[in-house]
$ cat upload-v5.cif   # mmCIF, C-alpha atoms
data_model
#
loop_
_atom_site.label_atom_id
_atom_site.label_comp_id
_atom_site.auth_asym_id
_atom_site.auth_seq_id
_atom_site.Cartn_x
_atom_site.Cartn_y
_atom_site.Cartn_z
CA MET A 1 11.64 -30.02 -13.13
CA ARG A 2 13.03 -27.09 -15.11
CA LEU A 3 11.97 -24.65 -12.39
CA GLY A 4 13.84 -26.65 -9.75
CA ILE A 5 17.04 -26.85 -11.82
CA VAL A 6 17.03 -23.14 -12.50
CA PHE A 7 16.45 -22.29 -8.86
CA VAL A 8 19.31 -24.52 -7.67
CA PHE A 9 21.59 -22.41 -9.85
CA ILE A 10 20.13 -19.23 -8.41
CA GLY A 11 20.46 -20.45 -4.83
CA CYS A 12 24.13 -21.34 -5.29
CA ALA A 13 25.20 -18.19 -7.09
CA ALA A 14 22.79 -15.45 -6.01
CA VAL A 15 23.80 -12.45 -3.98
CA LEU A 16 20.89 -10.17 -3.13
CA LEU A 17 21.32 -6.49 -3.81
CA ALA A 18 22.02 -4.51 -0.62
CA GLN A 19 20.82 -1.16 -1.93
CA ALA A 20 17.69 0.14 -0.24
CA PRO A 21 15.11 2.03 -2.30
CA PRO A 22 13.93 5.51 -1.36
CA PRO A 23 10.87 5.97 0.87
CA VAL A 24 7.48 5.57 -0.80
CA ILE A 25 4.65 8.11 -1.01
CA LEU A 26 1.14 6.64 -0.97
CA GLU A 27 -1.70 8.97 -1.95
CA VAL A 28 -4.86 7.27 -0.76
CA ASP A 29 -8.24 8.53 -1.99
CA ILE A 30 -11.21 7.88 0.28
CA GLU A 31 -14.92 8.55 -0.25
CA ASN A 32 -18.12 8.65 1.82
CA TYR A 33 -16.13 9.95 4.77
CA VAL A 34 -18.42 10.43 7.79
CA PHE A 35 -17.78 11.42 11.43
CA TYR A 36 -19.94 9.63 14.02
CA TYR A 37 -20.04 11.43 17.38
CA LEU A 38 -20.86 9.77 20.68
CA ASP A 39 -23.53 12.25 21.77
CA VAL A 40 -26.04 9.94 23.46
CA VAL A 41 -25.96 8.30 26.86
CA ASP A 42 -28.35 5.42 26.20
CA PRO A 43 -26.47 2.65 24.30
CA ALA A 44 -29.80 1.22 23.13
CA LYS A 45 -30.14 4.21 20.80
CA LEU A 46 -26.83 3.64 18.97
CA ALA A 47 -27.11 2.93 15.21
CA THR A 48 -30.90 2.80 15.27
CA SER A 49 -31.94 5.56 12.84
CA ALA A 50 -32.15 4.89 9.11
CA ALA A 51 -32.57 8.65 8.55
CA PRO A 52 -29.66 11.11 8.82
CA VAL A 53 -29.14 12.46 12.35
CA LEU A 54 -26.90 15.48 12.83
CA ALA A 55 -24.53 15.43 15.78
CA ALA A 56 -25.18 17.63 18.79
CA PRO A 57 -22.82 20.64 19.13
CA GLY A 58 -19.25 19.46 19.63
CA ARG A 59 -17.43 19.48 22.96
CA VAL A 60 -13.99 18.39 24.07
CA PHE A 61 -13.41 14.86 25.39
CA ARG A 62 -16.26 13.39 23.34
CA TRP A 63 -15.31 10.28 21.38
CA GLN A 64 -15.74 10.20 17.63
CA VAL A 65 -15.41 7.41 15.04
CA SER A 66 -14.83 8.12 11.33
CA ILE A 67 -15.51 5.63 8.53
CA ALA A 68 -14.75 5.87 4.79
CA ASP A 69 -14.17 3.78 1.65
CA VAL A 70 -10.79 3.48 -0.06
CA THR A 71 -11.17 4.08 -3.81
CA ALA A 72 -7.64 4.56 -5.18
CA VAL A 73 -3.95 4.44 -4.28
CA ASN A 74 -1.53 6.55 -6.30
CA GLY A 75 -4.20 6.97 -8.95
CA ARG A 76 -4.79 3.21 -9.34
CA PRO A 77 -8.24 1.77 -8.49
CA ALA A 78 -8.42 0.09 -5.10
CA LYS A 79 -10.93 -0.83 -2.42
CA GLY A 80 -10.81 -0.98 1.33
CA LEU A 81 -11.69 0.59 4.65
CA TYR A 82 -10.57 3.73 6.44
CA ALA A 83 -11.59 3.74 10.11
CA GLY A 84 -10.45 6.39 12.57
CA ARG A 85 -11.06 7.15 16.20
CA SER A 86 -10.36 10.39 18.02
CA MET A 87 -10.97 12.27 21.21
CA PRO A 88 -11.52 15.93 20.30
CA LEU A 89 -9.41 18.42 22.25
CA GLN A 90 -10.03 21.55 20.18
CA SER A 91 -6.74 22.97 21.44
CA THR A 92 -5.77 26.56 20.65
CA THR A 93 -3.51 29.29 21.93
CA ARG A 94 -6.56 31.45 22.65
CA PRO A 95 -9.28 29.15 23.94
CA THR A 96 -12.85 30.03 24.66
CA PRO A 97 -14.62 28.22 27.52
CA GLY A 98 -14.81 24.49 26.73
CA GLN A 99 -11.67 24.50 24.54
CA ALA A 100 -8.21 23.32 25.58
CA ILE A 101 -5.34 25.79 25.88
CA ALA A 102 -2.12 24.68 24.17
CA ASP A 103 0.81 26.01 22.13
CA ILE A 104 -0.65 24.64 18.89
CA GLY A 105 -4.08 24.37 17.35
CA SER A 106 -5.37 20.85 16.89
CA PHE A 107 -8.57 18.87 16.58
CA GLY A 108 -7.73 15.97 18.84
CA LEU A 109 -5.91 12.72 19.50
CA ASN A 110 -6.23 10.37 16.53
CA ASP A 111 -5.67 6.78 15.61
CA ALA A 112 -6.28 5.65 12.03
CA HIS A 113 -6.67 2.19 10.49
CA LEU A 114 -6.37 1.70 6.74
CA VAL A 115 -7.08 -1.65 5.06
CA ILE A 116 -6.24 -1.68 1.32
CA LEU A 117 -7.70 -4.22 -1.10
CA GLN A 118 -7.24 -4.89 -4.79
CA PRO A 119 -10.30 -4.08 -6.93
CA ASP A 120 -11.29 -7.77 -6.84
CA GLY A 121 -11.33 -7.69 -3.03
CA THR A 122 -7.98 -9.41 -2.42
CA GLU A 123 -6.41 -7.89 0.69
CA ILE A 124 -3.04 -6.22 0.14
CA GLY A 125 -2.31 -5.08 3.68
CA SER A 126 -3.07 -2.60 6.44
CA LEU A 127 -1.47 0.52 7.90
CA PHE A 128 -1.96 1.96 11.38
CA GLY A 129 -1.34 5.56 12.42
CA LEU A 130 -1.23 7.45 15.72
CA GLY A 131 -0.96 11.18 16.35
CA VAL A 132 -2.66 14.55 16.46
CA GLY A 133 -5.37 15.57 14.02
CA GLY A 134 -6.22 19.02 12.74
CA THR A 135 -2.76 20.47 13.31
CA THR A 136 -0.16 21.33 10.66
CA ALA A 137 1.57 18.51 8.80
CA PRO A 138 4.85 17.28 10.33
CA PRO A 139 8.20 18.79 9.30
CA GLY A 140 9.56 16.97 6.27
CA ALA A 141 6.14 15.76 5.14
CA PRO A 142 5.75 15.35 1.36
CA LYS A 143 4.87 18.47 -0.60
CA GLY A 144 1.14 19.12 -0.54
CA ALA A 145 0.51 17.59 2.88
CA ALA A 146 -1.65 20.08 4.76
CA VAL A 147 -2.92 18.88 8.13
CA HIS A 148 -2.63 15.98 10.61
CA ASN A 149 0.60 14.95 12.29
CA MET A 150 0.55 11.19 12.68
CA ALA A 151 3.19 8.49 12.76
CA VAL A 152 2.79 5.22 10.89
CA ALA A 153 3.05 2.80 13.79
CA GLY A 154 3.18 -0.34 11.66
CA GLY A 155 1.40 -2.44 9.10
CA THR A 156 0.40 -5.92 8.00
CA GLY A 157 0.54 -7.92 4.79
CA ALA A 158 2.55 -6.11 2.13
CA PHE A 159 3.26 -3.34 4.64
CA LEU A 160 4.49 -5.56 7.49
CA GLY A 161 6.94 -3.61 9.67
CA ALA A 162 6.55 -0.34 7.76
CA ARG A 163 6.92 3.03 9.47
CA GLY A 164 6.67 6.63 8.41
CA GLN A 165 4.41 9.67 8.73
CA TRP A 166 0.82 10.34 7.75
CA ALA A 167 -0.99 13.54 6.83
CA TYR A 168 -4.13 14.76 5.14
CA LYS A 169 -3.42 16.29 1.74
CA GLN A 170 -6.54 17.84 0.29
CA ALA A 171 -10.32 17.66 0.07
CA LEU A 172 -11.69 16.18 -3.14
CA GLY A 173 -15.31 17.25 -2.71
CA GLY A 174 -18.53 15.96 -1.25
CA THR A 175 -20.26 17.09 1.92
CA THR A 176 -18.56 16.89 5.29
CA ARG A 177 -20.99 15.03 7.53
CA SER A 178 -20.73 15.08 11.33
CA VAL A 179 -23.53 12.87 12.58
CA SER A 180 -24.78 11.34 15.79
CA MET A 181 -24.00 7.73 16.62
CA VAL A 182 -27.74 7.30 16.59
CA GLU A 183 -27.51 7.23 12.77
CA ASP A 184 -27.24 3.72 11.37
CA PRO A 185 -23.83 3.41 9.63
CA SER A 186 -25.19 0.75 7.27
CA ASN A 187 -26.67 3.70 5.31
CA ARG A 188 -23.39 5.62 5.10
CA ARG A 189 -23.03 5.19 1.34
CA VAL A 190 -26.70 6.08 0.82
CA HIS A 191 -26.44 9.37 2.72
CA GLY A 192 -22.92 10.06 1.40
CA GLY A 193 -20.03 12.00 2.87
CA SER A 194 -16.89 13.85 1.92
CA HIS A 195 -14.03 12.80 -0.34
CA ARG A 196 -10.44 13.39 0.66
CA ARG A 197 -6.86 12.34 -0.04
CA ASP A 198 -4.43 11.16 2.60
CA ILE A 199 -0.71 11.21 1.95
CA ILE A 200 1.49 8.63 3.65
CA HIS A 201 5.27 8.96 3.66
CA LEU A 202 6.19 5.29 4.04
CA ILE A 203 9.50 3.66 4.92
CA PRO A 204 8.99 -0.02 4.04
CA ALA A 205 10.65 -2.83 5.94
CA SER A 206 11.02 -4.89 2.75
CA TRP A 207 10.97 -4.25 -0.98
CA PRO A 208 11.42 -6.13 -4.27
CA GLU A 209 14.99 -7.05 -5.14
CA VAL A 210 15.97 -8.78 -8.35
CA THR A 211 18.35 -11.67 -7.64
CA ASN A 212 21.88 -10.74 -8.65
CA LEU A 213 24.17 -13.42 -10.07
CA ALA A 214 27.91 -13.20 -10.73
CA THR A 215 27.03 -12.61 -14.41
CA GLY A 216 24.30 -10.02 -13.76
CA PRO A 217 20.60 -9.94 -12.81
CA ALA A 218 18.70 -13.24 -12.77
CA ILE A 219 16.43 -12.52 -15.74
CA TYR A 220 15.71 -15.35 -18.18
CA HIS A 221 14.28 -15.88 -21.64
CA ALA A 222 10.92 -17.60 -21.10
CA GLU A 223 11.34 -19.76 -24.21
CA ASP A 224 14.29 -21.77 -22.86
CA PHE A 225 15.24 -20.38 -19.43
CA SER A 226 18.58 -19.15 -20.71
CA LEU A 227 20.00 -16.04 -19.03
CA VAL A 228 19.55 -12.64 -20.62
CA GLY A 229 23.02 -11.22 -21.19
CA SER A 230 25.40 -9.74 -23.71
CA GLN A 231 25.59 -13.07 -25.55
CA LYS A 232 21.82 -13.37 -25.70
CA PRO A 233 20.06 -10.01 -25.25
CA ALA A 234 16.33 -9.56 -24.75
CA ARG A 235 14.04 -8.51 -27.60
CA ALA A 236 11.12 -6.10 -27.68
CA GLY A 237 7.88 -8.09 -27.44
CA GLU A 238 9.60 -11.07 -25.78
CA GLN A 239 8.44 -12.67 -22.55
CA LEU A 240 11.07 -12.76 -19.80
CA ILE A 241 11.22 -14.25 -16.30
CA ILE A 242 12.63 -12.45 -13.27
CA SER A 243 13.79 -14.08 -10.05
CA VAL A 244 12.93 -11.54 -7.33
CA SER A 245 12.63 -11.49 -3.54
CA GLY A 246 10.46 -9.40 -1.23
CA LEU A 247 7.03 -9.63 -2.89
CA GLY A 248 5.24 -10.53 0.34
CA PRO A 249 2.16 -12.68 0.98
CA THR A 250 0.61 -15.02 -1.56
CA ARG A 251 -2.75 -16.67 -2.10
CA PRO A 252 -3.05 -19.38 -0.96
CA GLY A 253 -0.83 -18.40 1.96
CA SER A 254 2.57 -19.82 2.76
CA ASP A 255 4.35 -19.65 6.12
CA ILE A 256 7.01 -16.95 6.43
CA GLY A 257 10.52 -18.37 6.48
CA LYS A 258 9.51 -21.63 4.85
CA PRO A 259 9.92 -22.57 1.18
CA PHE A 260 6.97 -22.51 -1.15
CA PRO A 261 5.59 -26.04 -1.69
CA PRO A 262 6.74 -28.11 -4.67
CA TYR A 263 5.05 -27.45 -7.98
CA GLY A 264 3.85 -31.05 -8.32
CA ASP A 265 0.18 -30.43 -7.48
CA GLY A 266 -0.07 -27.52 -9.92
CA THR A 267 -0.95 -24.94 -7.23
CA LYS A 268 0.39 -21.49 -8.01
CA TYR A 269 1.07 -19.28 -4.99
CA GLU A 270 0.09 -15.96 -6.52
CA VAL A 271 1.35 -12.72 -4.96
CA SER A 272 -1.57 -11.00 -3.20
CA SER A 273 -0.43 -7.46 -3.98
CA PRO A 274 -0.29 -5.67 -7.34
CA VAL A 275 3.09 -6.23 -9.00
CA GLU A 276 4.35 -3.90 -11.72
CA VAL A 277 7.38 -4.14 -13.98
CA THR A 278 8.76 -1.20 -15.96
CA VAL A 279 11.24 -1.20 -18.81
CA ASN A 280 12.97 2.17 -19.25
CA GLY A 281 10.10 3.64 -17.23
CA GLN A 282 7.43 2.16 -19.51
CA GLN A 283 4.97 -0.23 -17.88
CA ALA A 284 5.27 -3.82 -19.07
CA ARG A 285 2.51 -6.43 -19.11
CA VAL A 286 2.90 -8.81 -16.15
CA VAL A 287 1.93 -12.36 -17.08
CA ASN A 288 2.77 -14.21 -13.89
CA LYS A 289 3.63 -13.36 -10.24
CA ILE A 290 4.04 -16.48 -8.13
CA GLY A 291 6.15 -17.95 -5.35
CA TRP A 292 9.04 -20.00 -6.71
CA PRO A 293 8.48 -23.68 -5.78
CA GLU A 294 10.81 -25.01 -3.07
CA ALA A 295 12.35 -21.55 -2.55
CA THR A 296 12.11 -19.24 0.47
CA ASN A 297 11.19 -15.57 -0.13
CA MET A 298 11.82 -15.97 -3.85
CA TYR A 299 9.27 -15.29 -6.57
CA ARG A 300 8.90 -15.70 -10.30
CA VAL A 301 7.59 -12.73 -12.26
CA ASP A 302 6.94 -13.15 -15.99
CA PHE A 303 6.61 -9.98 -18.08
CA VAL A 304 6.63 -8.90 -21.70
CA VAL A 305 9.20 -6.36 -22.92
CA PRO A 306 7.13 -3.50 -24.39
CA ASP A 307 7.09 -3.14 -28.16
CA GLY A 308 9.29 -0.29 -29.30
CA THR A 309 11.85 -0.68 -26.50
CA ALA A 310 15.05 0.85 -27.85
CA PRO A 311 18.16 -1.33 -28.32
CA GLY A 312 20.84 -0.91 -25.69
CA MET A 313 20.95 -1.28 -21.92
CA ALA A 314 17.42 -1.14 -20.55
CA SER A 315 16.48 -0.36 -16.94
CA ILE A 316 14.14 -2.90 -15.31
CA GLY A 317 12.13 -1.88 -12.26
CA VAL A 318 9.88 -4.04 -10.09
CA SER A 319 7.32 -2.75 -7.58
CA VAL A 320 4.87 -4.46 -5.24
CA ALA A 321 2.04 -2.68 -3.42
CA TRP A 322 3.44 0.61 -4.83
CA ILE A 323 6.82 -0.09 -3.17
CA ASN A 324 9.66 0.22 -5.66
CA GLY A 325 12.81 -1.86 -5.65
CA PRO A 326 16.25 -0.93 -7.02
CA GLU A 327 16.45 -1.01 -10.81
CA VAL A 328 18.70 -3.39 -12.73
CA LYS A 329 19.90 -3.25 -16.33
CA ILE A 330 19.78 -5.81 -19.13
CA PRO A 331 20.80 -5.63 -22.80
CA VAL A 332 18.06 -5.34 -25.45
CA ARG A 333 18.67 -5.78 -29.16
#

$ encode --input "upload-v5.cif" --output "C-alpha cells"
Amino acid sequence: MRLGIVFVFIGCAAVLLAQAPPPVILEVDIENYVFYYLDVVDPAKLATSAAPVLAAPGRVFRWQVSIADVTAVNGRPAKGLYAGRSMPLQSTTRPTPGQAIADIGSFGLNDAHLVILQPDGTEIGSLFGLGVGGTTAPPGAPKGAAVHNMAVAGGTGAFLGARGQWAYKQALGGTTRSVSMVEDPSNRRVHGGSHRRDIIHLIPASWPEVTNLATGPAIYHAEDFSLVGSQKPARAGEQLIISVSGLGPTRPGSDIGKPFPPYGDGTKYEVSSPVEVTVNGQQARVVNKIGWPEATNMYRVDFVVPDGTAPGMASIGVSVAWINGPEVKIPVR
C-alpha cells in the first residue's frame, strides 16, 4: 500500500529530466577468439574434426566466421558471445594477383554480433555492427581504437535502439588461430585462441533518469518514505530509495508501455542489467533494483549511502548496463 501511495505522488508531480547524458564507451574483452574459414566444398566435412585443422591459404571472396567468449565489459566480469562473419577482400593500393585494388587497405566486409550476459548468465542485451574490418578506425573514434570501421546498427535488451561506432582496440594475448571449418567448434575453448579488446562508442536511445519533483529529486528515506531534502537530509550509512526511469527489461519480463503488475503476489520484477549508484563518485551498495508496481517505465532502486560521505550537497549518479544518467544532488548531514 505504501508503495502505491508514494507512486501516486510521484506520478502527479514528477517531471522527468530532459538532459541527455554523454555517449558511452564500452570496452569489451573477448577470449578464445578463432577464425573459421570456409575452405572445403563438401558440406559433410564441416565441423567433423576434433583435432585442430589449419585453414588453407587465404583468398579473397572466401567466407569466414569468427567466434569468441565475452569475459568483461569496462573491467567488470561478464559473459556472452561474440560472433562475426566476413567476406575477405584483402584490399590495398598496391595489390598482388588475387588481392583487390582500392584506395584503402582493409581485410574485408564485416558484420559482428555481440551478446552480453551478467556473470550469472542473465542476458543484458545485444549489439550488432556492420562495416569494414582491418582498416583504420573511423574518424572521431575513442582514443586507443586502432582498426575496424564499423557502425553500430542497433541493439536489443538494455541496448535497444542504440547506435554508434565500433572498432578494435588492442590485442590482449593468446594465439591467433585461423582454422578450417572442418575443425569442430565445440573444441574451441580446448584448443584456445586469441584475446582482444573491442571498443564501442555507443549513443544509447535511453538512459537512467531520476524522477524530478517540484521540491527536488525523488529520493526517499527507506525507514519512512519521507523525501530527502533540506529539512531532512540523508546520512552516511543510511538506506535510500530512488525513483528512476529508463532501466530497461526486467526478470520476469513485463510488456513495454504497460505498468508493472501490482505488488500483491509478492513478485519482484528485477532489472536484468547491472545497476550501479554512485555518491560523489564513490560506488554505493545497491540493495534493490525492481520495477515499481503499477507504474510504467518507473523503477525503485534502494542503495546505501557510503560510510564517510562528507556533509553537504552530494552528487548521485545512476547507471544501467554501463550507461550513465544525469547526476542529481541531495543534502547529506

$ resolve_selection --input "upload-v5.cif" --expression "the PyMOL selection byres ((chain A and resi 194) around 6)" --output "MDAnalysis selection string"
chainID A and resid 32:33 173:176 193 195

$ write_last_selection --input "upload-v5.cif" --atoms "C-alpha atoms" --output "short mmCIF file (atom, residue, chain, number, x, y, z; two decimals), in the frame of the given file"
data_model
loop_
_atom_site.label_atom_id
_atom_site.label_comp_id
_atom_site.auth_asym_id
_atom_site.auth_seq_id
_atom_site.Cartn_x
_atom_site.Cartn_y
_atom_site.Cartn_z
CA ASN A 32 -18.12 8.65 1.82
CA TYR A 33 -16.13 9.95 4.77
CA GLY A 173 -15.31 17.25 -2.71
CA GLY A 174 -18.53 15.96 -1.25
CA THR A 175 -20.26 17.09 1.92
CA THR A 176 -18.56 16.89 5.29
CA GLY A 193 -20.03 12.00 2.87
CA HIS A 195 -14.03 12.80 -0.34
#

$ closest_residue --input "upload-v5.cif" --among "A:Ile323, A:Val34, A:Val190, A:Leu202" --to "Gln64 (chain A)" --atoms "all atoms listed in the file"
A:Val34

$ resolve_selection --input "upload-v5.cif" --expression "the PyMOL selection byres ((chain A and resi 98-112) around 12)" --output "NGL selection string"
:A and (57-68 or 81-97 or 113-115 or 126-137 or 147-155 or 165-168 or 198 or 200)

$ residues_around --input "upload-v5.cif" --residues "Val279 (chain A)" --least-positions-apart "3" --cutoff "6 Å" --atoms "only C-alpha atoms" --output "PyMOL selection string"
chain A and resi 282+315-316

$ residues_near_point --input "upload-v5.cif" --point "(25.5, -12.2, -21.9)" --cutoff "12 Å" --atoms "all atoms listed in the file" --output "list in words"
Leu213, Ala214, Thr215, Gly216, Pro217, Ala218, Ile219, Tyr220, His221, Ser226, Leu227, Val228, Gly229, Ser230, Gln231, Lys232, Pro233, Ala234, Met313, Lys329, Ile330, Pro331, Val332 and Arg333 of chain A

$ axis_aligned_box --input "upload-v5.cif" --around "region 306-309 of chain A" --padding-each-side "4 Å" --output "lines of an AutoDock Vina configuration file"
center_x = 9.5
center_y = -1.9
center_z = -26.8
size_x = 12.8
size_y = 11.2
size_z = 12.9

$ closest_residue --input "upload-v5.cif" --among "A:Val24, A:Leu240, A:Trp292, A:Leu54" --to "Gly164 (chain A)" --atoms "all atoms listed in the file"
A:Val24
